[in-house]
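Data block for final02.tsv (TSV, C-alpha atoms):
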chain	number	residue	atom	x	y	z
A	168	MET	CA	-58.46	121.93	-20.07
A	169	ARG	CA	-60.50	123.80	-17.45
A	170	ARG	CA	-61.57	126.21	-20.18
A	171	ALA	CA	-62.50	123.29	-22.45
A	172	LEU	CA	-64.65	121.80	-19.67
A	173	VAL	CA	-66.45	125.13	-19.24
A	174	LEU	CA	-67.13	125.25	-22.97
A	175	ALA	CA	-68.39	121.66	-22.97
A	176	ARG	CA	-71.01	122.49	-20.32
A	177	ARG	CA	-72.62	124.96	-22.72
A	178	GLY	CA	-74.05	122.00	-24.58
A	179	GLU	CA	-75.82	120.60	-21.51
A	180	GLY	CA	-79.28	119.31	-22.37
A	181	ARG	CA	-78.71	119.66	-26.13
A	182	THR	CA	-76.15	117.06	-27.20
A	183	SER	CA	-77.84	113.79	-26.22
A	184	PRO	CA	-77.36	111.04	-27.21
A	185	ASN	CA	-73.86	112.44	-27.78
A	186	PRO	CA	-71.54	113.53	-24.94
A	187	MET	CA	-70.73	117.10	-23.99
A	188	VAL	CA	-67.33	118.04	-25.43
A	189	GLY	CA	-65.27	121.22	-25.39
A	190	ALA	CA	-62.05	122.06	-27.25
A	191	VAL	CA	-59.42	124.79	-27.16
A	192	LEU	CA	-56.81	125.30	-29.87
A	193	VAL	CA	-53.53	126.86	-28.73
A	194	SER	CA	-50.62	128.26	-30.76
A	195	ASN	CA	-47.49	129.79	-29.24
A	196	GLY	CA	-49.13	129.86	-25.82
A	197	ARG	CA	-52.18	131.76	-27.05
A	198	ILE	CA	-55.74	130.54	-27.64
A	199	ILE	CA	-56.59	130.87	-31.33
A	200	GLY	CA	-59.82	128.87	-31.45
A	201	GLU	CA	-62.53	127.49	-29.16
A	202	GLY	CA	-65.49	125.23	-29.69
A	203	TRP	CA	-68.03	122.95	-28.12
A	204	HIS	CA	-70.52	120.38	-29.33
A	205	ARG	CA	-73.72	122.38	-29.51
A	206	LYS	CA	-76.25	119.70	-30.48
A	207	ALA	CA	-76.46	116.15	-31.76
A	208	GLY	CA	-75.88	116.12	-35.51
A	209	GLY	CA	-73.95	119.39	-35.43
A	210	PRO	CA	-70.19	119.92	-35.77
A	211	HIS	CA	-68.04	118.45	-33.02
A	212	ALA	CA	-66.05	120.63	-30.64
A	213	GLU	CA	-62.74	120.00	-32.42
A	214	ILE	CA	-64.13	121.17	-35.76
A	215	GLU	CA	-65.66	124.25	-34.13
A	216	ALA	CA	-62.27	125.21	-32.65
A	217	ILE	CA	-60.42	124.67	-35.93
A	218	GLU	CA	-62.97	126.68	-37.89
A	219	GLU	CA	-62.92	129.54	-35.39
A	220	ALA	CA	-59.13	129.73	-35.67
A	221	ARG	CA	-59.34	129.89	-39.44
A	222	ARG	CA	-62.04	132.56	-39.37
A	223	GLY	CA	-59.70	134.59	-37.21
A	224	GLY	CA	-56.92	134.31	-39.79
A	225	HIS	CA	-54.79	131.94	-37.71
A	226	SER	CA	-52.80	129.02	-39.06
A	227	THR	CA	-53.54	125.73	-37.31
A	228	ALA	CA	-50.25	124.17	-38.37
A	229	GLY	CA	-48.13	123.27	-35.35
A	230	SER	CA	-50.89	124.11	-32.87
A	231	ILE	CA	-52.01	122.09	-29.83
A	232	LEU	CA	-55.59	120.91	-29.42
A	233	VAL	CA	-56.89	120.53	-25.87
A	234	VAL	CA	-60.13	118.52	-25.81
A	235	THR	CA	-62.26	116.94	-23.09
A	236	LEU	CA	-62.79	113.62	-24.92
A	237	GLU	CA	-60.93	111.43	-27.38
A	238	PRO	CA	-61.65	112.69	-30.92
A	239	CYS	CA	-64.02	110.50	-32.91
A	240	CYS	CA	-62.62	108.29	-35.64
A	241	THR	CA	-65.78	107.02	-37.34
A	242	GLN	CA	-68.19	108.40	-39.90
A	243	GLY	CA	-71.52	109.15	-38.28
A	244	ARG	CA	-73.78	112.12	-38.84
A	245	THR	CA	-70.52	114.09	-39.12
A	246	PRO	CA	-67.11	113.13	-40.57
A	247	PRO	CA	-64.37	111.76	-38.27
A	248	CYS	CA	-62.54	114.45	-36.30
A	249	THR	CA	-59.25	112.53	-36.38
A	250	GLN	CA	-58.79	113.14	-40.11
A	251	ALA	CA	-59.66	116.84	-39.75
A	252	ILE	CA	-57.05	117.17	-36.98
A	253	VAL	CA	-54.34	115.54	-39.09
A	254	ASP	CA	-55.31	117.62	-42.13
A	255	ALA	CA	-55.13	120.81	-40.04
A	256	GLY	CA	-51.47	120.13	-39.21
A	257	ILE	CA	-52.10	120.06	-35.46
A	258	GLN	CA	-48.96	118.77	-33.78
A	259	ALA	CA	-50.40	117.55	-30.46
A	260	VAL	CA	-53.70	116.57	-28.88
A	261	VAL	CA	-54.21	116.71	-25.12
A	262	ALA	CA	-57.35	114.80	-24.13
A	263	ALA	CA	-58.99	114.43	-20.73
A	264	THR	CA	-60.38	110.94	-21.32
A	265	ALA	CA	-60.64	108.16	-23.86
A	266	ASP	CA	-63.93	107.44	-25.63
A	267	PRO	CA	-65.94	105.24	-23.21
A	268	ASN	CA	-67.50	103.35	-26.12
A	269	PRO	CA	-65.73	99.95	-25.95
A	270	ASN	CA	-65.97	99.66	-29.74
A	271	HIS	CA	-64.03	102.89	-30.28
A	272	SER	CA	-61.96	103.51	-27.15
A	273	GLY	CA	-58.34	104.29	-28.03
A	274	ARG	CA	-58.79	103.98	-31.79
A	275	GLY	CA	-58.88	107.74	-32.27
A	276	PHE	CA	-55.60	108.11	-30.40
A	277	GLN	CA	-54.02	105.36	-32.53
A	278	ILE	CA	-55.08	107.08	-35.76
A	279	LEU	CA	-53.73	110.41	-34.56
A	280	ARG	CA	-50.38	108.92	-33.59
A	281	ALA	CA	-50.19	107.13	-36.93
A	282	GLY	CA	-50.78	110.52	-38.56
A	283	GLY	CA	-47.83	112.05	-36.72
A	284	VAL	CA	-49.82	113.77	-33.95
A	285	ARG	CA	-48.46	113.56	-30.42
A	286	VAL	CA	-51.14	112.47	-27.91
A	287	GLU	CA	-51.35	113.02	-24.15
A	288	THR	CA	-54.27	111.89	-21.99
A	289	GLY	CA	-55.54	112.00	-18.42
A	290	VAL	CA	-55.65	115.76	-17.80
A	291	LEU	CA	-58.65	116.46	-15.49
A	292	SER	CA	-60.10	113.10	-16.46
A	293	GLU	CA	-62.25	112.82	-13.33
A	294	ALA	CA	-63.98	116.12	-14.08
A	295	SER	CA	-64.60	115.07	-17.67
A	296	ASN	CA	-66.01	111.68	-16.65
A	297	GLN	CA	-68.31	113.23	-14.07
A	298	MET	CA	-69.62	115.74	-16.60
A	299	ASN	CA	-70.51	112.94	-19.00
A	300	GLU	CA	-71.57	110.34	-16.44
A	301	SER	CA	-74.88	109.78	-18.22
A	302	PHE	CA	-73.36	109.26	-21.66
A	303	ASN	CA	-70.62	107.03	-20.24
A	304	HIS	CA	-73.26	104.84	-18.58
A	305	TRP	CA	-75.56	104.71	-21.60
A	306	ILE	CA	-72.92	103.99	-24.23
A	307	VAL	CA	-71.78	100.88	-22.33
A	308	ARG	CA	-75.09	99.57	-20.93
A	309	ARG	CA	-77.60	101.06	-23.37
A	310	THR	CA	-79.89	102.03	-20.52
A	311	PRO	CA	-80.37	105.58	-19.20
A	312	PHE	CA	-78.44	106.93	-16.24
A	313	VAL	CA	-81.20	107.30	-13.64
A	314	VAL	CA	-81.31	110.18	-11.16
A	315	LEU	CA	-83.87	109.93	-8.35
A	316	LYS	CA	-84.94	113.43	-7.36
A	317	LEU	CA	-87.05	113.97	-4.23
A	318	ALA	CA	-88.08	117.05	-2.24
A	319	MET	CA	-88.76	116.16	1.40
A	320	THR	CA	-89.17	117.46	4.90
A	321	LEU	CA	-86.29	116.89	7.30
A	322	ASP	CA	-87.98	113.70	8.51
A	323	GLY	CA	-88.15	112.33	4.96
A	324	ARG	CA	-91.78	113.02	4.10
A	325	LEU	CA	-93.06	113.92	0.63
A	326	ALA	CA	-96.58	114.92	1.58
A	327	THR	CA	-99.24	114.78	4.24
A	328	ALA	CA	-101.44	111.68	4.54
A	329	SER	CA	-104.03	113.49	2.38
A	330	GLY	CA	-101.41	114.07	-0.35
A	331	GLN	CA	-100.71	117.79	0.14
A	332	SER	CA	-97.13	118.60	-0.89
A	333	LYS	CA	-96.85	122.15	-2.35
A	334	TRP	CA	-94.43	123.62	-1.61
A	335	ILE	CA	-92.14	121.71	0.75
A	336	THR	CA	-88.89	123.22	-0.49
A	337	GLY	CA	-88.13	126.83	-1.30
A	338	GLU	CA	-87.59	128.79	-4.49
A	339	THR	CA	-83.83	128.17	-4.69
A	340	ALA	CA	-84.33	124.41	-4.43
A	341	ARG	CA	-87.00	124.54	-7.12
A	342	ARG	CA	-84.63	126.40	-9.43
A	343	GLU	CA	-82.05	123.67	-8.83
A	344	GLY	CA	-84.73	121.13	-9.69
A	345	MET	CA	-85.30	122.91	-13.00
A	346	ARG	CA	-81.57	122.69	-13.71
A	347	LEU	CA	-81.74	118.94	-13.14
A	348	ARG	CA	-84.58	118.67	-15.62
A	349	LYS	CA	-82.61	120.72	-18.15
A	350	SER	CA	-79.75	118.19	-17.98
A	351	ALA	CA	-82.04	115.22	-18.69
A	352	ASP	CA	-83.61	113.64	-21.74
A	353	ALA	CA	-86.70	112.49	-19.88
A	354	ILE	CA	-88.61	112.80	-16.62
A	355	LEU	CA	-90.83	110.14	-15.05
A	356	VAL	CA	-93.54	110.17	-12.39
A	357	GLY	CA	-96.03	107.61	-11.18
A	358	VAL	CA	-99.73	107.92	-11.87
A	359	ASN	CA	-100.43	108.60	-8.16
A	360	THR	CA	-98.33	111.78	-8.41
A	361	LEU	CA	-100.18	112.73	-11.59
A	362	ILE	CA	-103.58	112.26	-9.91
A	363	ALA	CA	-102.60	114.08	-6.70
A	364	ASP	CA	-100.67	117.05	-8.15
A	365	ASP	CA	-101.40	117.23	-11.90
A	366	PRO	CA	-97.80	118.42	-12.51
A	367	SER	CA	-96.76	120.13	-15.74
A	368	LEU	CA	-93.35	118.39	-15.83
A	369	THR	CA	-91.84	121.25	-17.83
A	370	ILE	CA	-88.67	123.30	-17.56
A	371	ARG	CA	-89.56	126.75	-16.27
A	372	THR	CA	-87.74	129.98	-15.57
A	373	SER	CA	-87.72	131.62	-12.12
A	374	SER	CA	-90.71	133.70	-13.25
A	375	GLY	CA	-92.66	130.54	-14.06
A	376	ARG	CA	-92.41	130.85	-17.84
A	377	ILE	CA	-92.00	127.58	-19.72
A	378	VAL	CA	-88.65	127.39	-21.52
A	379	ALA	CA	-89.34	127.27	-25.25
A	380	GLY	CA	-87.79	124.58	-27.40
A	381	SER	CA	-87.26	122.05	-24.62
A	382	SER	CA	-87.04	118.47	-25.88
A	383	LEU	CA	-87.61	116.97	-22.41
A	384	ARG	CA	-89.73	113.85	-22.73
A	385	ARG	CA	-92.34	113.10	-20.05
A	386	PHE	CA	-93.26	109.61	-18.86
A	387	VAL	CA	-96.13	108.51	-16.63
A	388	LEU	CA	-95.93	105.07	-15.04
A	389	ASP	CA	-99.48	103.71	-14.96
A	390	THR	CA	-99.90	99.96	-14.48
A	391	ARG	CA	-103.71	99.86	-14.50
A	392	GLY	CA	-104.64	102.75	-16.79
A	393	ARG	CA	-105.73	105.35	-14.24
A	394	THR	CA	-104.27	108.41	-16.00
A	395	PRO	CA	-106.91	111.18	-16.06
A	396	LEU	CA	-107.72	112.27	-19.61
A	397	ASP	CA	-107.75	115.91	-18.47
A	398	ALA	CA	-104.22	115.77	-16.97
A	399	ALA	CA	-102.03	118.72	-17.94
A	400	VAL	CA	-99.32	116.59	-19.58
A	401	LEU	CA	-101.93	115.10	-21.94
A	402	ASN	CA	-103.37	118.41	-23.07
A	403	ASP	CA	-100.69	121.11	-23.16
A	404	ASP	CA	-98.50	122.22	-26.08
A	405	LEU	CA	-95.92	119.56	-25.20
A	406	ALA	CA	-98.32	116.62	-25.21
A	407	ARG	CA	-96.44	115.09	-28.15
A	408	GLN	CA	-93.49	114.68	-25.75
A	409	THR	CA	-95.59	112.70	-23.25
A	410	THR	CA	-95.61	108.90	-23.02
A	411	VAL	CA	-97.96	106.97	-20.74
A	412	VAL	CA	-96.54	103.55	-19.87
A	413	LEU	CA	-99.39	101.09	-19.35
A	414	GLY	CA	-99.24	97.54	-18.09
A	415	LEU	CA	-99.91	94.82	-20.64
A	416	GLY	CA	-103.52	93.80	-20.34
A	417	THR	CA	-104.89	97.31	-19.84
A	418	SER	CA	-108.35	97.82	-21.34
A	419	ARG	CA	-108.19	98.44	-25.12
A	420	GLU	CA	-110.60	101.34	-24.68
A	421	ILE	CA	-108.25	103.05	-22.21
A	422	VAL	CA	-105.32	102.46	-24.57
A	423	ARG	CA	-107.32	103.95	-27.45
A	424	ARG	CA	-108.38	107.05	-25.54
A	425	LEU	CA	-104.89	107.80	-24.30
A	426	SER	CA	-103.36	107.10	-27.72
A	427	GLU	CA	-105.54	109.85	-29.20
A	428	LYS	CA	-103.72	112.35	-27.00
A	429	VAL	CA	-100.19	111.07	-26.35
A	430	THR	CA	-97.78	108.22	-27.05
A	431	VAL	CA	-98.63	104.97	-25.27
A	432	TRP	CA	-96.15	102.23	-24.45
A	433	GLU	CA	-97.33	98.91	-23.10
A	434	ALA	CA	-94.94	97.11	-20.79
A	435	PRO	CA	-94.79	93.72	-19.04
A	436	VAL	CA	-96.13	93.54	-15.48
A	437	MET	CA	-94.38	91.64	-12.70
A	438	GLY	CA	-95.82	91.34	-9.20
A	439	GLY	CA	-98.58	93.78	-10.04
A	440	LYS	CA	-96.13	96.48	-11.20
A	441	ILE	CA	-94.59	97.47	-14.51
A	442	ASP	CA	-91.31	95.68	-15.17
A	443	LEU	CA	-88.92	98.60	-14.84
A	444	LYS	CA	-85.92	96.74	-16.23
A	445	SER	CA	-87.65	96.19	-19.53
A	446	LEU	CA	-88.84	99.80	-19.49
A	447	VAL	CA	-85.41	101.35	-18.98
A	448	ALA	CA	-84.00	99.04	-21.66
A	449	ARG	CA	-86.61	100.35	-24.09
A	450	MET	CA	-85.82	103.93	-23.07
A	451	GLY	CA	-82.13	103.37	-23.68
A	452	GLY	CA	-82.86	101.90	-27.09
A	453	ASP	CA	-84.91	105.01	-27.83
A	454	GLY	CA	-81.87	107.23	-27.20
A	455	ILE	CA	-82.69	108.34	-23.66
A	456	THR	CA	-79.35	108.67	-21.87
A	457	ARG	CA	-80.45	110.46	-18.66
A	458	LEU	CA	-83.74	109.95	-16.84
A	459	ILE	CA	-84.98	111.97	-13.86
A	460	VAL	CA	-87.40	110.05	-11.63
A	461	GLU	CA	-89.46	112.47	-9.55
A	462	GLY	CA	-91.72	110.15	-7.62
A	463	GLY	CA	-93.76	109.34	-5.78
A	464	GLY	CA	-92.58	107.19	-2.94
A	465	GLU	CA	-93.60	103.83	-4.39
A	466	VAL	CA	-91.99	104.60	-7.74
A	467	ALA	CA	-88.83	105.70	-5.91
A	468	ALA	CA	-88.80	102.45	-3.93
A	469	SER	CA	-89.24	100.37	-7.08
A	470	PHE	CA	-86.38	102.03	-8.93
A	471	LEU	CA	-84.07	101.86	-5.91
A	472	GLY	CA	-85.10	98.35	-4.96
A	473	GLN	CA	-84.40	96.99	-8.43
A	474	GLY	CA	-80.96	98.57	-8.57
A	475	LEU	CA	-81.86	101.00	-11.34
A	476	VAL	CA	-80.81	104.30	-9.74
A	477	GLN	CA	-77.28	105.61	-10.30
A	478	ARG	CA	-77.55	108.96	-8.51
A	479	VAL	CA	-79.82	110.54	-5.91
A	480	ALA	CA	-80.68	114.23	-5.74
A	481	PHE	CA	-82.48	114.81	-2.45
A	482	PHE	CA	-83.70	118.20	-1.24
A	483	TYR	CA	-84.45	118.56	2.48
A	484	ALA	CA	-86.52	121.45	3.79
A	485	PRO	CA	-86.07	122.64	7.41
A	486	LYS	CA	-89.56	121.39	8.23
A	487	ILE	CA	-90.89	118.42	10.19
A	488	LEU	CA	-94.14	116.83	9.10
A	489	GLY	CA	-94.41	113.83	11.42
A	490	ALA	CA	-97.37	111.43	11.39
A	491	ALA	CA	-97.06	107.73	10.69
A	492	LYS	CA	-99.41	107.97	7.70
A	493	ALA	CA	-97.60	110.85	5.99
A	494	LEU	CA	-96.15	109.82	2.61
A	495	PRO	CA	-92.45	108.87	2.81
A	496	GLY	CA	-89.90	109.85	0.19
A	497	VAL	CA	-89.12	106.19	-0.37
A	498	GLY	CA	-91.95	103.75	0.24
A	499	GLY	CA	-92.15	100.02	-0.36
A	500	ALA	CA	-90.97	97.31	1.99
A	501	GLY	CA	-87.44	98.69	2.07
A	502	ALA	CA	-84.41	96.94	3.48
A	503	SER	CA	-85.06	93.93	5.70
A	504	GLY	CA	-81.78	94.32	7.57
A	505	ALA	CA	-78.52	96.23	7.81
A	506	SER	CA	-76.99	94.15	5.02
A	507	GLU	CA	-79.57	95.52	2.56
A	508	LEU	CA	-79.01	99.20	3.27
A	509	LEU	CA	-78.21	101.05	0.06
A	510	LYS	CA	-74.86	102.77	0.34
A	511	LEU	CA	-74.00	106.12	-1.21
A	512	SER	CA	-70.63	107.45	-2.36
A	513	GLN	CA	-69.31	110.71	-3.79
A	514	VAL	CA	-71.58	112.40	-1.26
A	515	ARG	CA	-71.95	116.15	-1.59
A	516	TRP	CA	-74.06	118.38	0.64
A	517	ARG	CA	-74.72	122.04	-0.08
A	518	ARG	CA	-77.18	124.79	0.73
A	519	ALA	CA	-80.06	125.63	-1.62
A	520	GLY	CA	-81.46	128.73	0.03
A	521	GLU	CA	-82.86	127.54	3.38
A	522	ASP	CA	-82.91	123.94	2.19
A	523	LEU	CA	-80.21	121.27	2.04
A	524	PHE	CA	-79.31	119.55	-1.21
A	525	LEU	CA	-77.69	116.11	-1.24
A	526	THR	CA	-76.24	114.54	-4.37
A	527	ALA	CA	-74.54	111.15	-4.28
A	528	ARG	CA	-73.89	108.05	-6.34
A	529	VAL	CA	-75.67	104.84	-5.40
A	530	GLU	CA	-73.03	102.18	-4.93
A	531	GLU	CA	-73.32	98.87	-6.73
A	532	PRO	CA	-73.70	95.97	-6.58
A	533	HIS	CA	-76.28	95.88	-3.80
A	534	VAL	CA	-78.98	93.53	-2.58
A	535	HIS	CA	-82.32	94.24	-4.23
A	536	TRP	CA	-85.34	95.02	-2.10
A	537	ASN	CA	-88.78	93.55	-2.36
A	538	SER	CA	-90.31	96.85	-3.47

Once more with this new file: its structure as C-alpha cells, please.
Amino acid sequence: MRRALVLARRGEGRTSPNPMVGAVLVSNGRIIGEGWHRKAGGPHAEIEAIEEARRGGHSTAGSILVVTLEPCCTQGRTPPCTQAIVDAGIQAVVAATADPNPNHSGRGFQILRAGGVRVETGVLSEASNQMNESFNHWIVRRTPFVVLKLAMTLDGRLATASGQSKWITGETARREGMRLRKSADAILVGVNTLIADDPSLTIRTSSGRIVAGSSLRRFVLDTRGRTPLDAAVLNDDLARQTTVVLGLGTSREIVRRLSEKVTVWEAPVMGGKIDLKSLVARMGGDGITRLIVEGGGEVAASFLGQGLVQRVAFFYAPKILGAAKALPGVGGAGASGASELLKLSQVRWRRAGEDLFLTARVEEPHVHWNS
C-alpha cells in the first residue's frame, strides 16, 4: 500500500476533479503490475496496473490488487473498474479507503464481493485520506478545499506600511510555495495585492522558468473594478486562465474592457465585499476542488472569518518588521474575544531553509468573525 500511495502522488495536480489513486498488482508475493491515475479522463490506476501486468506476459488470474481507493463502479468518462477487476480474475482487493462520494461509497466493494472477489479495507487509510483531502471535501460539499498560504515575518507582517514585501522568505520557502500551487486547481489574490506587486501567479522552476502546460487557474478578487488593464495576469500567455471577480454593479465599461482580455465573473456584494460563499460555490460547480488563497491580509481575514479555510500554510522568516502600520498577514477586525480564536489541528512545523513552515487544519465549527 505504501508503494501504491507513492504511485498515486505522481498524478498530483493532473487528476482534478478526480482523486489521486495508485494501484499495485501482486501475484505469488511479487509485483506484476503498477499504475496510477495520470489525468482526468484517462485510465484509472487499476486498469493501468492490469494492463502493465498483461504487457509483461503475466496472468492476472488469482492475483491481489492493492489500491488506495475503492474501485469505481459507475460508467463515467471511463468504464467501471469493478467489472474489469472481476473479468481479470483477481481474487482479492485490498483498499485503503472507501469512495467518499456518498452516492457511491461501498457500492464498488459490494459489486466485487458479489463477483467472488475478497475485499479488505482500512490499510493506511489515514494517509490515503490526507492525500485526497481536497477531493474528499469537494465531492461531499461541492466547494473547493481552501488553503490559505501566507509568507510573513516572525511578527506576522506581510509587508511594510508602504507595501514592500519582496522577498520576505527565502528560496527554499518559495520552492515550497510553487509545490503548493502545483497541487491546486486555482489561486486567488485580492486586487490590492495585484496593484502592489503585479504578481505573475504562475508555477515556476527554481531557475524562474514558467512550467509549461500548467492548468492553474488565476482569480483576482476585485469588488469595485480596480484591476489595472496592464497587469501581468491579464496580458501574459496564460491570460485565458485568468478570471477577475467583480462585484455586481461594477461599471459596464470596466466589465467590457476586462472581458476583452480575460474571463469576468460578477458576484453579489455583502457589506461592501464580494460574497465569498457564493463565489466558492460557483468555483466548486466549475470543477475547482482545491483553491490556494495567497492574500493579502484583508482577503485572508475574509476567508478565515467566514469559515471558508480548511488548511493554513504559513511561512515565517527569521525577520522582525515591527511598526503598527505594517501590513499584517491576517487583517480585518479579527476575534473579539478568546472564544472566537480560530483553533488549528494536525499541526506540523518544519524547516524550509532558514524559514519555518507551518501547515495545519482549521478546526470547525467556529464562530465567524466580522471581517

Excluding A:Ala190 and any residue of its chain fewer than 4 positions from it, enumerate the residues within 7 Å of it, using only C-alpha atoms, and give them as a list of chain:residue names.
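Answer for this query is A:Ala171, A:Glu201, A:Gly202, A:Trp203, A:Ala212, A:Glu213, A:Ala216, A:Leu232, A:Val233, A:Val234, A:Thr235.
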
Could you check the closest approach to A:Glu293 for each of A:Thr456, A:Ser272, A:Thr264, A:Thr394 and tell me which residue wins, using all atoms listed in the file?
A:Thr264

Could you make a table, as a Markdown table, of the residues of stretch 172-211 of chain A that have an atom within 7 Å of an atom of stretch 299-310 of chain A, each with its nearest atom pair and distance in Å to one decimal, counting only C-alpha atoms, in chain and number order?
| residue | atom | partner | partner_atom | distance |
| --- | --- | --- | --- | --- |
| A:Asn185 | CA | A:Phe302 | CA | 6.9 |
| A:Pro186 | CA | A:Phe302 | CA | 5.7 |
| A:Met187 | CA | A:Asn299 | CA | 6.5 |

So that I have them on file, write out the residues from the current selection with C-alpha atoms, as a compact mmCIF listing (two decimals), in the frame of the given file.
# COMPACT_ATOMS: atom_id res chain seq x y z
CA ASN A 185 -73.86 112.44 -27.78
CA PRO A 186 -71.54 113.53 -24.94
CA MET A 187 -70.73 117.10 -23.99

Neighbours of A:Leu425 within 12 Å (all atoms listed in the file; same-chain residues fewer than 2 positions away dropped), as a VMD selection string?
chain A and resid 387 389 392 to 398 400 to 402 406 to 407 409 to 413 417 to 423 427 to 433

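Excluding A:Ile198 itself and same-chain residues fewer than 3 positions from it, the residues having an atom within 10 Å of it are Val191, Leu192, Val193, Ser194, Asn195, Glu201, Ala216, Ala220, Ser230, Ile231 and Leu232 of chain A, counting all atoms listed in the file.
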
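Atom CA of A:His225 to atom CA of A:Gly196 spans 13.3 Å [interatomic distance, one decimal].
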
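You will find atom CA of A:Phe276 at 27.3 Å from atom CA of A:Pro311.
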
Could you name the residues that touch stretch 369-383 of chain A at 12 Å or less, counting only C-alpha atoms, but leaving out those on the same chain fewer than 4 positions away, as a count of residues only?
41

What does the distance from atom CA of A:Leu523 to atom CA of A:Ala294 come to in Å, to one decimal?
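These atoms are spaced 23.4 Å apart.
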
What residues have an atom no more than 12 Å from (-58.1, 101.6, -32.1) in the file's own frame, counting all atoms listed in the file, and can you write them as a count of residues only?
22

Which one is closest to A:Ala434: A:Gly416, A:Gly209, A:Gly464, A:Gly520? Count only C-alpha atoms.
A:Gly416

As a CSV table (one decimal), in the coordinates of the input, please: stretch 493-504 of chain A completed to N, CA and C atoms.
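This is the output file out_18.csv:
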chain,number,residue,atom,x,y,z
A,493,ALA,N,-98.1,109.9,7.0
A,493,ALA,CA,-97.6,110.8,6.0
A,493,ALA,C,-96.8,110.1,4.9
A,494,LEU,N,-96.8,110.6,3.7
A,494,LEU,CA,-96.2,109.8,2.6
A,494,LEU,C,-94.6,109.9,2.6
A,495,PRO,N,-93.9,108.8,2.7
A,495,PRO,CA,-92.4,108.9,2.8
A,495,PRO,C,-91.8,109.1,1.4
A,496,GLY,N,-90.6,109.6,1.4
A,496,GLY,CA,-89.9,109.8,0.2
A,496,GLY,C,-89.7,108.6,-0.6
A,497,VAL,N,-89.3,107.5,0.2
A,497,VAL,CA,-89.1,106.2,-0.4
A,497,VAL,C,-90.0,105.2,0.4
A,498,GLY,N,-91.0,104.7,-0.4
A,498,GLY,CA,-92.0,103.8,0.2
A,498,GLY,C,-91.5,102.3,0.1
A,499,GLY,N,-92.5,101.4,-0.2
A,499,GLY,CA,-92.2,100.0,-0.4
A,499,GLY,C,-91.8,99.3,0.9
A,500,ALA,N,-91.4,98.1,0.8
A,500,ALA,CA,-91.0,97.3,2.0
A,500,ALA,C,-89.6,97.7,2.5
A,501,GLY,N,-88.8,98.2,1.6
A,501,GLY,CA,-87.4,98.7,2.1
A,501,GLY,C,-86.5,97.6,2.4
A,502,ALA,N,-85.4,97.9,3.1
A,502,ALA,CA,-84.4,96.9,3.5
A,502,ALA,C,-84.9,96.1,4.6
A,503,SER,N,-84.6,94.8,4.6
A,503,SER,CA,-85.1,93.9,5.7
A,503,SER,C,-84.0,93.8,6.8
A,504,GLY,N,-82.8,94.4,6.6
A,504,GLY,CA,-81.8,94.3,7.6
A,504,GLY,C,-80.6,95.2,7.2
